[in-house]
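Reviewing the structure listed below.
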Amino acid sequence: MEKSLKELAALLGGKVIGDESAVVSSLGTLDEATEGQITFLANPKYAGKVATTRATAVVVPPGAERYGRNVIELKNPYLAFAKLLTLFHVKPYVPKGVMDGAFVAESAILGEGVSIYPGAYVGDGVKLGNRVVLHPGVVLYEGAEVGDDTVINANVTVREGCRIGSRAIIHSGAVIGSDGFGYAPDGKGYQKIPQIGIVVIEDDVEIGSCTTIDRAALGLTLIRRGTKIDNLVQIAHNCVIGENCMIVSQTGISGSTKLGEHVTIGGQVGIVGHLEIGDNVMVGAKSGVHNSISAGQIFSGYPAFPHKEWLRAASTFPKLPEMRKILNSLEKKVQELEAKLEAAK
Amino acid sequence: MEKSLKELAALLGGKVIGDESAVVSSLGTLDEATEGQITFLANPKYAGKVATTRATAVVVPPGAERYGRNVIELKNPYLAFAKLLTLFHVKPYVPKGVMDGAFVAESAILGEGVSIYPGAYVGDGVKLGNRVVLHPGVVLYEGAEVGDDTVINANVTVREGCRIGSRAIIHSGAVIGSDGFGYAPDGKGYQKIPQIGIVVIEDDVEIGSCTTIDRAALGLTLIRRGTKIDNLVQIAHNCVIGENCMIVSQTGISGSTKLGEHVTIGGQVGIVGHLEIGDNVMVGAKSGVHNSISAGQIFSGYPAFPHKEWLRAASTFPKLPEMRKILNSLEKKVQELEAKLEAAK
Amino acid sequence: MEKSLKELAALLGGKVIGDESAVVSSLGTLDEATEGQITFLANPKYAGKVATTRATAVVVPPGAERYGRNVIELKNPYLAFAKLLTLFHVKPYVPKGVMDGAFVAESAILGEGVSIYPGAYVGDGVKLGNRVVLHPGVVLYEGAEVGDDTVINANVTVREGCRIGSRAIIHSGAVIGSDGFGYAPDGKGYQKIPQIGIVVIEDDVEIGSCTTIDRAALGLTLIRRGTKIDNLVQIAHNCVIGENCMIVSQTGISGSTKLGEHVTIGGQVGIVGHLEIGDNVMVGAKSGVHNSISAGQIFSGYPAFPHKEWLRAASTFPKLPEMRKILNSLEKKVQELEAKLEAAK
């Protein structure tokens, strides 16, 4: 597909400076783009590369030096990049129907234009919306539901009764709705507490590879609209993750903890159960959160405390042995001083 | 199913106070239960909710205020809750046999009443006990063995020769018996050490989703009876996990480490290889264990040390920058004092 | 298979001391080996066990006390152990062809001697080298490529266009080429950035179970020749992992970070994005790396700093509360001294 800069500027809501009729057909990075490609400047640190890129055009923020290049000026070049990638590189969807070697229970209800690959399994009473894609090895247990235009990649498991919204993407190996980790000690060992709740994943959610989201003991584990979860994340039973959260890889959130909206959790974070994390909270990578955090705060550390304080404490930590040495020497000197002063009386 | 409180009290070993003939048919939480449901009070913190719950009856510990409600008094309400959930909500097992689209090798030996779903694979020489359930996408390599009443959920892999006991539950995406991570450096790169041992999982064990348990280099990786392992846990080659341990999500245990009985490991803990962790040890979430721990101790931190000391050290950590400031100022003052004292001579 | 010590010594490049004609047919550990087995001494700590092992022969380093046993002396007994395991215990490969119940697209190109198990899926345009093994539940999306003698274990997913080299081993549940975690905020929520790059895994690489390696946003995520990656590791989009690296379980490496050659990363390490980690760097388990590390260094801690300094700081950490107490008491004493000195004027 070829597009003129004029067409792209109209599409993206930007302004061309340079040759409006120049034509591009794909995207590249500032460093690697070649003629016929469009690139973008998102980080002001790289502004100088606009001068040297071989791309035919550059998407830049308002006021950026254009070094004589063709540019499309607009507010959010990174967002424009996402839109251009979709335009140039994402193939339109072509439904494949139920392919040979797929297993679909008779009682399942399928929308229009679905694609169910060989080796996918659709259990009793499952409901699929329109244009749902189930790649090979996807297993939907009895009564699972999947909304329109949702793509479930290979080898994902969705357990009984769990519900996934529309336009969601579930990546390979993810497990939605396994039993929560709940046991009652009986004096000798542990008696399993049946986990009879479900998982509900709302619209426009993306779930990473090998991420596990446990079904509720009773009621719901809930992932709200627009939230993006990376690979290898653990969400325990009865958690509620608010709208538009970002949860980076290998984070674990313990049972019944609630996140507000627009919460950002770095990689490898652990959050204890039964906490409340307020809207717009950010938690630094590898932190261990032991207490609830009120809206808008930035926390880091293990256990976590306000990020700015953590930065200072963490940068002091390597000096601990030296501090201890000084402390011991001071202790001695003060004793000597006390002795001298005593003697001087 | 409906049960009178009298029937339930007999079943659970408790005593009804209130209307013995009141009937319930399902469970709810203190907050959400409605008429016709039974709920339970496990945490004394919520004792006041017994007054306001709409449940028909409440399971309470001996001596709890009943606020005029129908109660069943017994020692361990949480355990009773587990039993009631099983009674009311777990459907009796109905065998499905070997379904179309399942692959079962001719040399495999199947017990009675098994359920093997489409897309499950049972390799040469595999032995399945009675009433084993293999969900779609379960792959049992050559010579694997599975005991009576064990359920293996979708997309689980059990590698060659590994053995799983009776009444075990393996959750989706778990991998039992992959090669341990063992290599011999040859001066340039790494030569693989073939991992020719197996994994043995004893009876009544539960293994979480996407948990990986590596086969031994030689001999066994062993998970003993009654142990419960959460999601995304890594157990390396030649580990021995004792009876009735609890291992929370995203924990990693390195090669040849041995856990005693009733060990509890929090989430995201890392344990170094070749250690011995004694009976009843507890390790706090996110700890890094670098040394063996003797029976009965509670450890936390990175590296881990006794939990109570860790609590004190961790709560002091944020004050490090302030301590450093005080230390610097003291150093100066002591110098001045020394100088003054010297001058005063 | 039986081999005389003479034959084995020739094969391994070692020297027999004792009975050259003694015959062994399998391997065991120093503790558990029995007659007819060969064992090895890799760790000098266990040198005394050579005296008591029941093995017929022991592979030892030059100069080790042989306690009258038959030994093969050579430089690297651990490497010899790897070779002996391969010799005695790894079965020769027998191709099974495309088995019933496997799905292979017509446009796929298969090498000679492949084994494709029931329930494996080979998409359009996939290319497989000679003797490739695809276990049940392996899913290769459109255009994936796999080199000669590579084994892909059950329930692995390889996404569209990704390339795996020769003699690689991919363990069960791994996901190669899922979308990187990239979104552009649009003021309300997040717009997905299509991830149109691929993953390239070079020859002789091993990838652990449930490890996830994301495809590049643009260009490549690259795992170079000879690198070994353990279970449950996360490699984000556009990372480059150099040759012969070792990455232990549950480590996460963020986007666009580059590792040199022979880098060793302990378990549960987190590395921030866009860093450069030099050749031969070692990072201790559970560290959090926030900055680039130059070649040859050993780092530990969260955030990470030089390992030796970290050892000292970490061993001082438990003493923090005591240090604080001393500091407070010194502060007081110095005030008193100042007062006394003032009074003494």
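Ordered as shown in the structure tokens, chains take letters A, B, and onward, while each chain numbers its residues from 1 and ligands are numbered from 1 in the order shown.
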
Shell of 7 Å around segment 93-110 of chain C, only C-alpha atoms, local chain residues under 5 positions omitted, as an MDAnalysis selection string: chainID C and resid 115:129 131

Take the residues from that selection and write them out as a compact mmCIF listing (two decimals), in the first residue's frame, keeping all heavy atoms.
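Writing done, so here's again-v5.txt:
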```txt
# COMPACT_ATOMS: atom_id res chain seq x y z
N SER C 115 10.10 -35.93 12.56
CA SER C 115 9.09 -36.62 13.36
C SER C 115 8.06 -35.58 13.79
O SER C 115 8.39 -34.67 14.55
CB SER C 115 9.71 -37.23 14.62
OG SER C 115 10.64 -38.24 14.29
N ILE C 116 6.86 -35.72 13.28
CA ILE C 116 5.81 -34.77 13.64
C ILE C 116 4.68 -35.55 14.30
O ILE C 116 4.00 -36.36 13.67
CB ILE C 116 5.32 -33.99 12.41
CG1 ILE C 116 6.54 -33.33 11.72
CG2 ILE C 116 4.29 -32.94 12.81
CD1 ILE C 116 6.20 -32.45 10.56
N TYR C 117 4.50 -35.31 15.59
CA TYR C 117 3.58 -36.10 16.41
C TYR C 117 2.13 -35.66 16.22
O TYR C 117 1.86 -34.54 15.77
CB TYR C 117 3.97 -35.98 17.88
CG TYR C 117 5.13 -36.85 18.28
CD1 TYR C 117 6.44 -36.50 17.95
CD2 TYR C 117 4.93 -38.05 18.95
CE1 TYR C 117 7.51 -37.31 18.31
CE2 TYR C 117 6.00 -38.86 19.32
CZ TYR C 117 7.28 -38.49 18.99
OH TYR C 117 8.34 -39.30 19.34
N PRO C 118 1.20 -36.53 16.62
CA PRO C 118 -0.22 -36.17 16.60
C PRO C 118 -0.44 -34.88 17.38
O PRO C 118 0.14 -34.71 18.45
CB PRO C 118 -0.90 -37.34 17.32
CG PRO C 118 0.05 -38.48 17.25
CD PRO C 118 1.42 -37.90 17.18
N GLY C 119 -1.27 -34.03 16.84
CA GLY C 119 -1.59 -32.80 17.56
C GLY C 119 -0.59 -31.68 17.36
O GLY C 119 -0.77 -30.59 17.87
N ALA C 120 0.49 -31.94 16.61
CA ALA C 120 1.38 -30.83 16.23
C ALA C 120 0.76 -30.11 15.03
O ALA C 120 0.03 -30.71 14.24
CB ALA C 120 2.77 -31.35 15.88
N TYR C 121 1.05 -28.82 14.91
CA TYR C 121 0.47 -28.00 13.84
C TYR C 121 1.58 -27.25 13.12
O TYR C 121 2.36 -26.52 13.74
CB TYR C 121 -0.53 -27.00 14.44
CG TYR C 121 -1.04 -25.99 13.45
CD1 TYR C 121 -2.21 -26.23 12.72
CD2 TYR C 121 -0.36 -24.80 13.23
CE1 TYR C 121 -2.68 -25.30 11.79
CE2 TYR C 121 -0.82 -23.87 12.29
CZ TYR C 121 -1.98 -24.13 11.59
OH TYR C 121 -2.43 -23.23 10.67
N VAL C 122 1.66 -27.45 11.81
CA VAL C 122 2.68 -26.81 10.99
C VAL C 122 1.97 -25.92 9.99
O VAL C 122 1.30 -26.40 9.07
CB VAL C 122 3.53 -27.88 10.28
CG1 VAL C 122 4.55 -27.23 9.36
CG2 VAL C 122 4.24 -28.77 11.32
N GLY C 123 2.10 -24.60 10.14
CA GLY C 123 1.32 -23.64 9.36
C GLY C 123 1.86 -23.42 7.95
O GLY C 123 2.88 -24.00 7.54
N ASP C 124 1.17 -22.57 7.23
CA ASP C 124 1.52 -22.25 5.84
C ASP C 124 2.96 -21.76 5.71
O ASP C 124 3.39 -20.89 6.46
CB ASP C 124 0.60 -21.14 5.31
CG ASP C 124 -0.77 -21.66 4.93
OD1 ASP C 124 -0.86 -22.84 4.51
OD2 ASP C 124 -1.74 -20.91 5.08
N GLY C 125 3.65 -22.32 4.75
CA GLY C 125 4.97 -21.81 4.43
C GLY C 125 6.04 -22.09 5.45
O GLY C 125 7.15 -21.56 5.36
N VAL C 126 5.73 -22.92 6.43
CA VAL C 126 6.76 -23.28 7.42
C VAL C 126 7.85 -24.11 6.74
O VAL C 126 7.57 -24.90 5.85
CB VAL C 126 6.11 -24.08 8.58
CG1 VAL C 126 7.17 -24.79 9.44
CG2 VAL C 126 5.26 -23.16 9.44
N LYS C 127 9.11 -23.89 7.16
CA LYS C 127 10.22 -24.71 6.65
C LYS C 127 10.88 -25.46 7.80
O LYS C 127 11.35 -24.86 8.75
CB LYS C 127 11.28 -23.81 6.00
CG LYS C 127 10.85 -23.28 4.65
CD LYS C 127 11.99 -22.50 4.00
CE LYS C 127 11.42 -21.62 2.89
NZ LYS C 127 12.26 -20.45 2.61
N LEU C 128 10.94 -26.78 7.66
CA LEU C 128 11.61 -27.61 8.67
C LEU C 128 12.85 -28.25 8.07
O LEU C 128 12.80 -28.81 6.96
CB LEU C 128 10.68 -28.73 9.15
CG LEU C 128 9.34 -28.35 9.76
CD1 LEU C 128 8.62 -29.61 10.25
CD2 LEU C 128 9.52 -27.36 10.90
N GLY C 129 13.97 -28.21 8.79
CA GLY C 129 15.20 -28.87 8.36
C GLY C 129 15.08 -30.39 8.51
O GLY C 129 14.01 -30.93 8.80
N ARG C 131 15.49 -34.03 10.18
CA ARG C 131 15.43 -34.65 11.52
C ARG C 131 14.86 -33.72 12.60
O ARG C 131 15.16 -33.87 13.78
CB ARG C 131 16.82 -35.16 11.93
CG ARG C 131 17.36 -36.27 11.04
CD ARG C 131 18.81 -36.56 11.31
NE ARG C 131 19.64 -35.38 11.14
CZ ARG C 131 20.07 -34.91 9.97
NH1 ARG C 131 19.78 -35.54 8.84
NH2 ARG C 131 20.80 -33.82 9.92
```

Using only C-alpha atoms, I'd like every residue of chain A that has an atom within 8 Å of chain C; please write them out as JSON, numbers by chain. {"A": [28, 29, 78, 79, 81, 82, 83, 85, 86, 89, 90, 101, 118, 119, 136, 137, 154, 155, 171, 172, 173, 208, 209, 210, 226, 230, 231, 232, 244, 249, 250, 267, 268, 286, 314, 317, 318, 319, 320, 321, 324, 327, 330, 331, 334, 337, 338, 341]}

Next, write the just-selected residues to a file, as a PDB file, in the first residue's frame, keeping C-alpha atoms as the atom set.
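Written output follows (again-v7.pdb):
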```pdb
ATOM      1  CA  GLY A  28      11.293   2.053   9.701  1.00  0.00           C
ATOM      2  CA  THR A  29      13.288   3.363  12.646  1.00  0.00           C
ATOM      3  CA  TYR A  78       4.496   7.731  19.052  1.00  0.00           C
ATOM      4  CA  LEU A  79       0.744   7.320  18.771  1.00  0.00           C
ATOM      5  CA  PHE A  81       3.617   5.424  14.748  1.00  0.00           C
ATOM      6  CA  ALA A  82       1.179   2.909  16.252  1.00  0.00           C
ATOM      7  CA  LYS A  83      -1.487   3.992  13.767  1.00  0.00           C
ATOM      8  CA  LEU A  85       2.078   0.378  11.743  1.00  0.00           C
ATOM      9  CA  THR A  86      -1.516  -0.770  11.832  1.00  0.00           C
ATOM     10  CA  HIS A  89       1.540  -3.772   8.314  1.00  0.00           C
ATOM     11  CA  VAL A  90      -1.559  -5.356   9.833  1.00  0.00           C
ATOM     12  CA  GLY A 101      -9.169 -31.091  13.129  1.00  0.00           C
ATOM     13  CA  PRO A 118      -7.000 -27.560  13.915  1.00  0.00           C
ATOM     14  CA  GLY A 119      -6.383 -28.719  17.452  1.00  0.00           C
ATOM     15  CA  PRO A 136      -4.334 -24.380  17.430  1.00  0.00           C
ATOM     16  CA  GLY A 137      -4.257 -25.836  20.909  1.00  0.00           C
ATOM     17  CA  ALA A 154      -2.077 -21.085  20.423  1.00  0.00           C
ATOM     18  CA  ASN A 155      -2.105 -23.261  23.533  1.00  0.00           C
ATOM     19  CA  HIS A 171      -1.179 -14.661  24.036  1.00  0.00           C
ATOM     20  CA  SER A 172       0.054 -18.220  23.843  1.00  0.00           C
ATOM     21  CA  GLY A 173       0.327 -20.326  26.938  1.00  0.00           C
ATOM     22  CA  GLY A 208       0.698 -11.892  27.823  1.00  0.00           C
ATOM     23  CA  SER A 209       2.156 -15.326  27.190  1.00  0.00           C
ATOM     24  CA  CYS A 210       2.147 -17.810  30.060  1.00  0.00           C
ATOM     25  CA  GLY A 226      -8.295  -1.567  28.374  1.00  0.00           C
ATOM     26  CA  ASP A 230       2.601  -8.650  30.030  1.00  0.00           C
ATOM     27  CA  ASN A 231       4.050 -12.200  30.024  1.00  0.00           C
ATOM     28  CA  LEU A 232       4.407 -14.537  33.025  1.00  0.00           C
ATOM     29  CA  ASN A 244      -6.280   0.865  31.623  1.00  0.00           C
ATOM     30  CA  SER A 249       6.212  -9.066  33.100  1.00  0.00           C
ATOM     31  CA  GLN A 250       6.678 -11.491  36.020  1.00  0.00           C
ATOM     32  CA  GLY A 267       8.314  -5.942  36.191  1.00  0.00           C
ATOM     33  CA  GLN A 268       8.799  -8.570  38.923  1.00  0.00           C
ATOM     34  CA  LYS A 286      11.002  -5.529  41.585  1.00  0.00           C
ATOM     35  CA  ALA A 314      19.031   2.733  47.792  1.00  0.00           C
ATOM     36  CA  PHE A 317      22.888   1.321  50.856  1.00  0.00           C
ATOM     37  CA  PRO A 318      26.287   0.552  49.262  1.00  0.00           C
ATOM     38  CA  LYS A 319      27.839   2.948  51.802  1.00  0.00           C
ATOM     39  CA  LEU A 320      26.586   0.923  54.769  1.00  0.00           C
ATOM     40  CA  PRO A 321      29.903  -0.800  55.560  1.00  0.00           C
ATOM     41  CA  ARG A 324      29.430   1.273  60.145  1.00  0.00           C
ATOM     42  CA  LEU A 327      30.129   4.790  63.520  1.00  0.00           C
ATOM     43  CA  LEU A 330      33.009   7.715  66.480  1.00  0.00           C
ATOM     44  CA  GLU A 331      31.825   5.549  69.329  1.00  0.00           C
ATOM     45  CA  VAL A 334      33.268   9.860  72.020  1.00  0.00           C
ATOM     46  CA  LEU A 337      36.333  12.474  74.826  1.00  0.00           C
ATOM     47  CA  GLU A 338      34.111  11.584  77.746  1.00  0.00           C
ATOM     48  CA  LEU A 341      36.523  15.520  79.979  1.00  0.00           C
TER      49      LEU A 341
END
```

In Å, how far is it from atom CA of Val248 of chain B to atom CA of Gly278 of chain B? 17.5 Å

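The space separating atom CA of Leu84 of chain B from atom CA of Ile17 of chain B comes to 18.2 Å.
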
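Computed from the coordinates, the atom CA of Ile293 of chain B to atom CA of Tyr46 of chain C distance equals 22.7 Å.
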
List every residue of segment 106-264 of chain C that DSSP, applied to the backbone of this structure, assigns to strand (DSSP E), and report them as JSON, numbers by chain. {"C": [109, 110, 115, 116, 121, 122, 127, 128, 133, 134, 139, 140, 145, 146, 151, 152, 157, 158, 163, 164, 169, 170, 175, 176, 177, 178, 183, 184, 185, 190, 191, 192, 198, 199, 200, 201, 206, 207, 212, 213, 214, 220, 221, 222, 223, 228, 229, 234, 235, 240, 241, 246, 247, 252, 253, 258, 259, 264]}

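Nearest to Glu65 of chain B of all the residues B:Cys245, B:Val50, B:Met282, B:Val151 is B:Val50, counting only C-alpha atoms.
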
I'd like the neighbourhood of His274 of chain C as a PDB file with N, CA and C atoms, in the first residue's frame, where a residue qualifies if any of its atoms comes within 9 Å (using only C-alpha atoms), though same-chain residues fewer than 6 positions away should be ignored.
```pdb
ATOM      1  N   CYS C 239      15.536  -7.445  22.333  1.00  0.00           N
ATOM      2  CA  CYS C 239      16.758  -7.816  23.059  1.00  0.00           C
ATOM      3  C   CYS C 239      17.709  -8.554  22.126  1.00  0.00           C
ATOM      4  N   SER C 254      14.353  -6.650  29.972  1.00  0.00           N
ATOM      5  CA  SER C 254      13.429  -5.704  29.342  1.00  0.00           C
ATOM      6  C   SER C 254      13.892  -5.313  27.938  1.00  0.00           C
ATOM      7  N   GLY C 255      13.020  -4.622  27.255  1.00  0.00           N
ATOM      8  CA  GLY C 255      13.167  -4.375  25.831  1.00  0.00           C
ATOM      9  C   GLY C 255      14.461  -3.709  25.414  1.00  0.00           C
ATOM     10  N   SER C 256      15.028  -4.188  24.307  1.00  0.00           N
ATOM     11  CA  SER C 256      16.175  -3.585  23.622  1.00  0.00           C
ATOM     12  C   SER C 256      17.482  -3.684  24.394  1.00  0.00           C
ATOM     13  N   THR C 257      17.501  -4.414  25.504  1.00  0.00           N
ATOM     14  CA  THR C 257      18.766  -4.600  26.216  1.00  0.00           C
ATOM     15  C   THR C 257      19.636  -5.612  25.465  1.00  0.00           C
ATOM     16  N   LYS C 258      20.934  -5.354  25.482  1.00  0.00           N
ATOM     17  CA  LYS C 258      21.885  -6.199  24.751  1.00  0.00           C
ATOM     18  C   LYS C 258      22.864  -6.851  25.710  1.00  0.00           C
ATOM     19  N   SER C 292      23.849   0.000  32.643  1.00  0.00           N
ATOM     20  CA  SER C 292      24.724  -0.852  31.851  1.00  0.00           C
ATOM     21  C   SER C 292      25.921  -1.305  32.692  1.00  0.00           C
TER      22      SER C 292
END
```
